[in-house]
Amino acid sequence: MLNKHNNSLTGFSGQFSAKLAKEVARELGQKLGKIEFRKFSDGEIWLKYKEDIRGKDVFIIQSFPPPAENLLELLLMLDAAKRALAKKVVAIIPYFGYGRQDKKEQPGEPASQRGEPISAELMVKLLFSAGADRILTIDFHSDKMNAAIRNVFTESIFLPNAKKYLGESLRDLAILTPDLGRIGAAKRYARQLRNCPVVVINKERTKPNQVRVGGISGEVKDKTVLIVDDIVDTGNTLVAAANTAKKMGAKKIFAFVTHALFSGEAVEKINESPISRLFISDTIPFSSEKRSNKIKLVSVAPLLAQAIREIGKN
Ligand code: R5P
C-alpha cells in the first residue's frame, strides 16, 4: 500500500487495529503489507515483516488502549521497521492510549501531594525512541503534545451526520462540552453549525472515572443539545452531562464522542440515559455485543486515508 502513485509507501497493521487498517487500505485502493505475529509460550510478542521495506516510507496503524500488549506490539513494529532500514516510519495511532494523564499537577495541589506521571508525554517519548519519525493520531485528549505529534479531528466525519440527524433542530442547537479541556472542539463544531452557542459543564473529577457535575455555564432550555467529547469510557461523564442538560430543560440530546472505550456498564448507562443518539467512531473496534439502537458507528477510515495521502505527498 498505500498510495497508487508512490511505490515506496508501505502500510502495516498491528493486530488490534486490523479491521480499521484494512478499511484505510481499501480507501486508498491498496493492500496492507505482510507481517507475521507469534508469541513465546509466556506471552512475549514476536513479529517479523514479510516484505522488504528497505528505503520505503512505512505507515504502521495501531491503536493502543490497555492491555499494554497493544502498545508493546506497536513499539516492536517501529523498532523492527527501523532495523529493516525503512526510510521513514510513521505511527498512525487512531486511539492514543495513556493520553489522559497529561498534567504536572492538579490545580491548587500542594507540592507535597504531587506524584502522578505525565503518561501522555511518556508515550510520545517511547514511540519516538522505538523508531517513529512521525506520529499521527485522532482527537488526542491533550493539546499539550501538539508540537510533537500531528492531531487530526473528527469533525469532518461527524458533521455530515449532524446535518442529517439534527435536521430541523439545527436552528435551536447548543453544543455542550463536558469539560473545559474540550472547549476547542466545541467551538470548532459551533462555527460549522450556524455559530450556535457553546455551553460548558462545570465538572469536578473526584477520582479516575468519577465526576461531580456542578451545573452548566450557558442556556440549554428548549434547545437541542449536542454533547461533544473525545472519550467515552465508563459513560459517567457523558451520562452526567446528558442528565444535567435534561434537568436544565434541554429538548433533545445527541452526542458525538470519538473514542468508545465502553468499559463496564457504559452501554447500559447510555441506553437508560436521555441521549437520543450517540455517534462514535471505530478508532476502537466496536464489539457486536455492545450494539444498541442509540449508538451509531462512523468510520475514521476516510479521515486516516486522507491524512496518509497528505503525509505521502510530503
Ligand atoms: C475526560 O477528561 C475525557 O475527556 C472524558 O470525558 C472521560 O475520559 C470520559 O470518561 P468516562 O466515560 O469514564 O466518564
# chains A, B, ... in the order shown; residues from 1 in each chain; ligands from 1

call {"tool": "closest_atom_pairs", "arguments": {"of": "stretch 214-238 of chain A", "to": "stretch 159-179 of chain A", "cutoff": "9 Å", "atoms": "only C-alpha atoms", "output": "JSON lines"}}
result
{"residue": "A:Ile216", "atom": "CA", "partner": "A:Leu176", "partner_atom": "CA", "distance": 8.8}
{"residue": "A:Glu219", "atom": "CA", "partner": "A:Ala174", "partner_atom": "CA", "distance": 8.1}
{"residue": "A:Val220", "atom": "CA", "partner": "A:Ala174", "partner_atom": "CA", "distance": 6.7}
{"residue": "A:Asp222", "atom": "CA", "partner": "A:Asp172", "partner_atom": "CA", "distance": 7.9}
{"residue": "A:Lys223", "atom": "CA", "partner": "A:Asp172", "partner_atom": "CA", "distance": 5.3}
{"residue": "A:Thr224", "atom": "CA", "partner": "A:Leu173", "partner_atom": "CA", "distance": 4.8}
{"residue": "A:Val225", "atom": "CA", "partner": "A:Ala174", "partner_atom": "CA", "distance": 5.0}
{"residue": "A:Leu226", "atom": "CA", "partner": "A:Ile175", "partner_atom": "CA", "distance": 4.8}
{"residue": "A:Ile227", "atom": "CA", "partner": "A:Leu176", "partner_atom": "CA", "distance": 4.6}
{"residue": "A:Val228", "atom": "CA", "partner": "A:Thr177", "partner_atom": "CA", "distance": 5.6}
{"residue": "A:Asp229", "atom": "CA", "partner": "A:Thr177", "partner_atom": "CA", "distance": 6.6}
{"residue": "A:Thr237", "atom": "CA", "partner": "A:Pro178", "partner_atom": "CA", "distance": 6.8}
{"residue": "A:Leu238", "atom": "CA", "partner": "A:Pro178", "partner_atom": "CA", "distance": 7.2}

call {"tool": "residues_near_ligand", "arguments": {"ligand": "ligand 1", "cutoff": "6 Å", "atoms": "only C-alpha atoms and all ligand atoms", "output": "JSON, numbers by chain"}}
result
{"A": [209, 229, 230, 231, 232, 233, 234, 235, 236, 237]}

call {"tool": "write_last_selection", "arguments": {"atoms": "N, CA, C and O atoms", "output": "JSON list (two decimals), in the first residue's frame"}}
result
[["chain", "number", "residue", "atom", "x", "y", "z"],
["A", 209, "ASN", "N", -12.44, 8.30, 36.43],
["A", 209, "ASN", "CA", -13.76, 7.84, 36.01],
["A", 209, "ASN", "C", -14.93, 8.30, 36.90],
["A", 209, "ASN", "O", -16.05, 7.85, 36.71],
["A", 229, "ASP", "N", -17.28, 15.10, 22.94],
["A", 229, "ASP", "CA", -16.19, 14.72, 23.85],
["A", 229, "ASP", "C", -15.24, 13.81, 23.08],
["A", 229, "ASP", "O", -15.58, 13.29, 22.01],
["A", 230, "ASP", "N", -14.02, 13.62, 23.64],
["A", 230, "ASP", "CA", -13.06, 12.76, 22.95],
["A", 230, "ASP", "C", -13.24, 11.29, 23.32],
["A", 230, "ASP", "O", -13.10, 10.41, 22.47],
["A", 231, "ILE", "N", -13.55, 11.04, 24.61],
["A", 231, "ILE", "CA", -13.57, 9.64, 25.09],
["A", 231, "ILE", "C", -14.86, 9.34, 25.83],
["A", 231, "ILE", "O", -15.33, 10.16, 26.61],
["A", 232, "VAL", "N", -15.44, 8.16, 25.57],
["A", 232, "VAL", "CA", -16.45, 7.64, 26.49],
["A", 232, "VAL", "C", -15.88, 6.33, 27.02],
["A", 232, "VAL", "O", -15.59, 5.40, 26.27],
["A", 233, "ASP", "N", -15.68, 6.29, 28.34],
["A", 233, "ASP", "CA", -15.07, 5.11, 28.96],
["A", 233, "ASP", "C", -16.16, 4.41, 29.78],
["A", 233, "ASP", "O", -16.86, 3.54, 29.28],
["A", 234, "THR", "N", -16.36, 4.82, 31.02],
["A", 234, "THR", "CA", -17.45, 4.24, 31.81],
["A", 234, "THR", "C", -18.80, 4.83, 31.42],
["A", 234, "THR", "O", -19.84, 4.32, 31.82],
["A", 235, "GLY", "N", -18.77, 5.95, 30.70],
["A", 235, "GLY", "CA", -20.01, 6.64, 30.35],
["A", 235, "GLY", "C", -20.46, 7.62, 31.43],
["A", 235, "GLY", "O", -21.43, 8.36, 31.23],
["A", 236, "ASN", "N", -19.75, 7.68, 32.56],
["A", 236, "ASN", "CA", -20.19, 8.55, 33.67],
["A", 236, "ASN", "C", -20.24, 10.02, 33.26],
["A", 236, "ASN", "O", -21.20, 10.72, 33.57],
["A", 237, "THR", "N", -19.20, 10.48, 32.57],
["A", 237, "THR", "CA", -19.14, 11.90, 32.17],
["A", 237, "THR", "C", -20.28, 12.23, 31.21],
["A", 237, "THR", "O", -21.01, 13.21, 31.40]]

call {"tool": "residues_around", "arguments": {"residues": "A:Lys19", "least_positions_apart": "5", "cutoff": "12 Å", "atoms": "only C-alpha atoms", "output": "PyMOL selection string"}}
result
chain A and resi 12-14+24-26+32+61-63+282-287+299-301

call {"tool": "write_last_selection", "arguments": {"atoms": "C-alpha atoms", "output": "CSV table (one decimal), in the first residue's frame"}}
result
chain,number,residue,atom,x,y,z
A,12,PHE,CA,1.2,-2.4,8.0
A,13,SER,CA,-1.3,-3.0,10.8
A,14,GLY,CA,-0.9,-4.1,14.4
A,24,VAL,CA,-8.0,2.5,5.3
A,25,ALA,CA,-6.1,0.4,2.7
A,26,ARG,CA,-9.4,-0.1,0.8
A,32,LEU,CA,-1.6,-3.9,3.6
A,61,ILE,CA,-1.6,1.6,12.1
A,62,GLN,CA,-2.3,0.6,15.7
A,63,SER,CA,-4.5,1.9,18.5
A,282,ASP,CA,-14.2,3.0,15.0
A,283,THR,CA,-10.8,4.0,16.5
A,284,ILE,CA,-11.5,1.2,19.0
A,285,PRO,CA,-13.1,-1.9,17.4
A,286,PHE,CA,-16.8,-1.9,18.3
A,287,SER,CA,-17.9,-5.3,19.6
A,299,SER,CA,-15.7,5.1,10.4
A,300,VAL,CA,-12.5,7.2,10.5
A,301,ALA,CA,-11.0,5.3,7.6

call {"tool": "residues_around", "arguments": {"residues": "A:Ala68", "least_positions_apart": "6", "cutoff": "12 Å", "atoms": "only C-alpha atoms", "output": "list in words"}}
result
Phe16, Glu44, Ile45, Leu74, Leu75, Phe96, Gly97, Tyr98 and Met123 of chain A

call {"tool": "select_by_dssp", "arguments": {"residues": "stretch 66-304 of chain A", "states": "alpha helix (DSSP H)", "output": "JSON, numbers by chain"}}
result
{"A": [69, 70, 71, 72, 73, 74, 75, 76, 77, 78, 79, 80, 81, 82, 83, 119, 120, 121, 122, 123, 124, 125, 126, 127, 128, 129, 130, 155, 156, 157, 158, 159, 160, 161, 162, 163, 164, 165, 166, 183, 184, 185, 186, 187, 188, 189, 190, 191, 192, 236, 237, 238, 239, 240, 241, 242, 243, 244, 245, 246, 247, 266, 267, 268, 269, 270, 271, 272, 301, 302, 303, 304]}

call {"tool": "write_last_selection", "arguments": {"atoms": "C-alpha atoms", "output": "PDB file, in the first residue's frame"}}
result
ATOM      1  CA  GLU A  69       0.444  -5.529  24.747  1.00  0.00           C
ATOM      2  CA  ASN A  70      -1.176  -3.242  22.134  1.00  0.00           C
ATOM      3  CA  LEU A  71       1.426  -0.559  22.829  1.00  0.00           C
ATOM      4  CA  LEU A  72       4.277  -3.072  23.061  1.00  0.00           C
ATOM      5  CA  GLU A  73       3.341  -4.568  19.725  1.00  0.00           C
ATOM      6  CA  LEU A  74       3.457  -1.104  18.133  1.00  0.00           C
ATOM      7  CA  LEU A  75       6.825  -0.328  19.738  1.00  0.00           C
ATOM      8  CA  LEU A  76       8.232  -3.630  18.436  1.00  0.00           C
ATOM      9  CA  MET A  77       6.857  -2.917  14.946  1.00  0.00           C
ATOM     10  CA  LEU A  78       8.528   0.510  14.969  1.00  0.00           C
ATOM     11  CA  ASP A  79      11.832  -0.942  16.149  1.00  0.00           C
ATOM     12  CA  ALA A  80      11.756  -3.725  13.554  1.00  0.00           C
ATOM     13  CA  ALA A  81      10.915  -1.270  10.742  1.00  0.00           C
ATOM     14  CA  LYS A  82      13.823   0.968  11.678  1.00  0.00           C
ATOM     15  CA  ARG A  83      16.201  -2.010  11.871  1.00  0.00           C
ATOM     16  CA  SER A 119       1.783   9.440  30.752  1.00  0.00           C
ATOM     17  CA  ALA A 120       0.879  11.283  27.524  1.00  0.00           C
ATOM     18  CA  GLU A 121       4.411  12.666  27.307  1.00  0.00           C
ATOM     19  CA  LEU A 122       5.996   9.352  28.273  1.00  0.00           C
ATOM     20  CA  MET A 123       4.109   7.519  25.489  1.00  0.00           C
ATOM     21  CA  VAL A 124       5.299  10.071  22.913  1.00  0.00           C
ATOM     22  CA  LYS A 125       8.910   9.631  24.085  1.00  0.00           C
ATOM     23  CA  LEU A 126       8.605   5.825  23.928  1.00  0.00           C
ATOM     24  CA  LEU A 127       7.220   5.916  20.384  1.00  0.00           C
ATOM     25  CA  PHE A 128       9.979   8.204  19.125  1.00  0.00           C
ATOM     26  CA  SER A 129      12.710   6.191  20.836  1.00  0.00           C
ATOM     27  CA  ALA A 130      11.326   2.962  19.358  1.00  0.00           C
ATOM     28  CA  GLU A 155     -15.499  16.946  12.707  1.00  0.00           C
ATOM     29  CA  SER A 156     -15.317  16.066   9.023  1.00  0.00           C
ATOM     30  CA  ILE A 157     -16.772  12.593   9.639  1.00  0.00           C
ATOM     31  CA  PHE A 158     -19.330  13.535  12.301  1.00  0.00           C
ATOM     32  CA  LEU A 159     -20.642  16.767  10.789  1.00  0.00           C
ATOM     33  CA  PRO A 160     -22.450  15.214   7.797  1.00  0.00           C
ATOM     34  CA  ASN A 161     -24.339  13.126  10.396  1.00  0.00           C
ATOM     35  CA  ALA A 162     -25.124  16.233  12.410  1.00  0.00           C
ATOM     36  CA  LYS A 163     -26.796  17.794   9.422  1.00  0.00           C
ATOM     37  CA  LYS A 164     -28.675  14.588   8.597  1.00  0.00           C
ATOM     38  CA  TYR A 165     -29.856  13.679  12.105  1.00  0.00           C
ATOM     39  CA  LEU A 166     -30.322  17.075  13.668  1.00  0.00           C
ATOM     40  CA  ILE A 183     -13.716  23.745  24.502  1.00  0.00           C
ATOM     41  CA  GLY A 184     -11.599  23.967  21.320  1.00  0.00           C
ATOM     42  CA  ALA A 185     -13.507  21.083  19.707  1.00  0.00           C
ATOM     43  CA  ALA A 186     -16.850  22.505  20.867  1.00  0.00           C
ATOM     44  CA  LYS A 187     -16.039  25.872  19.275  1.00  0.00           C
ATOM     45  CA  ARG A 188     -14.974  24.218  16.013  1.00  0.00           C
ATOM     46  CA  TYR A 189     -18.349  22.416  15.846  1.00  0.00           C
ATOM     47  CA  ALA A 190     -20.238  25.587  16.751  1.00  0.00           C
ATOM     48  CA  ARG A 191     -18.508  27.517  13.944  1.00  0.00           C
ATOM     49  CA  GLN A 192     -19.661  24.942  11.430  1.00  0.00           C
ATOM     50  CA  ASN A 236     -20.191   8.546  33.665  1.00  0.00           C
ATOM     51  CA  THR A 237     -19.141  11.900  32.169  1.00  0.00           C
ATOM     52  CA  LEU A 238     -21.444  11.630  29.164  1.00  0.00           C
ATOM     53  CA  VAL A 239     -24.481  10.478  31.116  1.00  0.00           C
ATOM     54  CA  ALA A 240     -23.934  13.102  33.847  1.00  0.00           C
ATOM     55  CA  ALA A 241     -23.722  15.784  31.134  1.00  0.00           C
ATOM     56  CA  ALA A 242     -26.907  14.498  29.462  1.00  0.00           C
ATOM     57  CA  ASN A 243     -28.817  14.298  32.767  1.00  0.00           C
ATOM     58  CA  THR A 244     -27.797  17.838  33.657  1.00  0.00           C
ATOM     59  CA  ALA A 245     -28.851  19.147  30.236  1.00  0.00           C
ATOM     60  CA  LYS A 246     -32.200  17.361  30.588  1.00  0.00           C
ATOM     61  CA  LYS A 247     -32.708  18.797  34.095  1.00  0.00           C
ATOM     62  CA  ALA A 266     -21.219   2.033  29.820  1.00  0.00           C
ATOM     63  CA  VAL A 267     -23.644   0.930  27.098  1.00  0.00           C
ATOM     64  CA  GLU A 268     -26.403   0.091  29.596  1.00  0.00           C
ATOM     65  CA  LYS A 269     -25.991   3.522  31.214  1.00  0.00           C
ATOM     66  CA  ILE A 270     -26.233   5.205  27.811  1.00  0.00           C
ATOM     67  CA  ASN A 271     -29.315   3.169  26.892  1.00  0.00           C
ATOM     68  CA  GLU A 272     -31.041   4.357  30.065  1.00  0.00           C
ATOM     69  CA  ALA A 301     -11.033   5.290   7.575  1.00  0.00           C
ATOM     70  CA  PRO A 302     -11.586   8.172   5.075  1.00  0.00           C
ATOM     71  CA  LEU A 303     -10.028  10.639   7.514  1.00  0.00           C
ATOM     72  CA  LEU A 304      -6.934   8.457   8.008  1.00  0.00           C
TER      73      LEU A 304
END

call {"tool": "closest_residue", "arguments": {"among": "A:Gly181, A:Thr137, A:Pro65, A:Ser276", "to": "A:Leu261", "atoms": "only C-alpha atoms"}}
result
A:Pro65

call {"tool": "closest_residue", "arguments": {"among": "A:Asp102, A:Ile118, A:Lys290, A:Gly29", "to": "A:Ser263", "atoms": "only C-alpha atoms"}}
result
A:Lys290

call {"tool": "atom_distance", "arguments": {"atom1": "atom CA of A:Val298", "atom2": "atom CA of A:Ser281"}}
result
4.8 Å

call {"tool": "closest_residue", "arguments": {"among": "A:Asn146, A:Ser217, A:Ser17, A:Gln30", "to": "A:Val198", "atoms": "only C-alpha atoms"}}
result
A:Ser217

call {"tool": "closest_residue", "arguments": {"among": "A:Pro94, A:Gly264, A:Gly99, A:Gly218", "to": "A:His141", "atoms": "only C-alpha atoms"}}
result
A:Gly99

call {"tool": "closest_residue", "arguments": {"among": "A:Val90, A:Leu136, A:Leu47, A:Met145", "to": "A:Lys103", "atoms": "only C-alpha atoms"}}
result
A:Met145

call {"tool": "decode", "arguments": {"residues": "stretch 225-245 of chain A", "atoms": "N, CA, C and O atoms", "output": "compact mmCIF listing (two decimals), in the first residue's frame"}}
result
# COMPACT_ATOMS: atom_id res chain seq x y z
N VAL A 225 -29.46 19.71 22.31
CA VAL A 225 -28.09 19.79 22.81
C VAL A 225 -27.24 18.72 22.12
O VAL A 225 -27.65 17.56 22.02
N LEU A 226 -26.07 19.14 21.65
CA LEU A 226 -25.12 18.19 21.06
C LEU A 226 -23.88 18.16 21.96
O LEU A 226 -23.15 19.14 22.06
N ILE A 227 -23.69 17.01 22.64
CA ILE A 227 -22.53 16.88 23.53
C ILE A 227 -21.35 16.41 22.68
O ILE A 227 -21.49 15.47 21.90
N VAL A 228 -20.20 17.07 22.82
CA VAL A 228 -19.01 16.58 22.11
C VAL A 228 -17.91 16.27 23.12
O VAL A 228 -17.68 17.04 24.04
N ASP A 229 -17.28 15.10 22.94
CA ASP A 229 -16.19 14.72 23.85
C ASP A 229 -15.24 13.81 23.08
O ASP A 229 -15.58 13.29 22.01
N ASP A 230 -14.02 13.62 23.64
CA ASP A 230 -13.06 12.76 22.95
C ASP A 230 -13.24 11.29 23.32
O ASP A 230 -13.10 10.41 22.47
N ILE A 231 -13.55 11.04 24.61
CA ILE A 231 -13.57 9.64 25.09
C ILE A 231 -14.86 9.34 25.83
O ILE A 231 -15.33 10.16 26.61
N VAL A 232 -15.44 8.16 25.57
CA VAL A 232 -16.45 7.64 26.49
C VAL A 232 -15.88 6.33 27.02
O VAL A 232 -15.59 5.40 26.27
N ASP A 233 -15.68 6.29 28.34
CA ASP A 233 -15.07 5.11 28.96
C ASP A 233 -16.16 4.41 29.78
O ASP A 233 -16.86 3.54 29.28
N THR A 234 -16.36 4.82 31.02
CA THR A 234 -17.45 4.24 31.81
C THR A 234 -18.80 4.83 31.42
O THR A 234 -19.84 4.32 31.82
N GLY A 235 -18.77 5.95 30.70
CA GLY A 235 -20.01 6.64 30.35
C GLY A 235 -20.46 7.62 31.43
O GLY A 235 -21.43 8.36 31.23
N ASN A 236 -19.75 7.68 32.56
CA ASN A 236 -20.19 8.55 33.67
C ASN A 236 -20.24 10.02 33.26
O ASN A 236 -21.20 10.72 33.57
N THR A 237 -19.20 10.48 32.57
CA THR A 237 -19.14 11.90 32.17
C THR A 237 -20.28 12.23 31.21
O THR A 237 -21.01 13.21 31.40
N LEU A 238 -20.44 11.39 30.20
CA LEU A 238 -21.44 11.63 29.16
C LEU A 238 -22.86 11.62 29.75
O LEU A 238 -23.67 12.52 29.49
N VAL A 239 -23.14 10.61 30.57
CA VAL A 239 -24.48 10.48 31.12
C VAL A 239 -24.76 11.61 32.11
O VAL A 239 -25.86 12.17 32.13
N ALA A 240 -23.74 11.98 32.91
CA ALA A 240 -23.93 13.10 33.85
C ALA A 240 -24.22 14.39 33.06
O ALA A 240 -25.10 15.17 33.44
N ALA A 241 -23.51 14.58 31.96
CA ALA A 241 -23.72 15.78 31.13
C ALA A 241 -25.14 15.78 30.55
O ALA A 241 -25.85 16.79 30.58
N ALA A 242 -25.57 14.60 30.06
CA ALA A 242 -26.91 14.50 29.46
C ALA A 242 -27.99 14.72 30.52
O ALA A 242 -28.97 15.43 30.27
N ASN A 243 -27.82 14.12 31.70
CA ASN A 243 -28.82 14.30 32.77
C ASN A 243 -28.93 15.76 33.18
O ASN A 243 -30.02 16.27 33.41
N THR A 244 -27.78 16.43 33.26
CA THR A 244 -27.80 17.84 33.66
C THR A 244 -28.52 18.66 32.59
O THR A 244 -29.35 19.51 32.91
N ALA A 245 -28.20 18.39 31.32
CA ALA A 245 -28.85 19.15 30.24
C ALA A 245 -30.37 18.94 30.29
O ALA A 245 -31.15 19.87 30.13
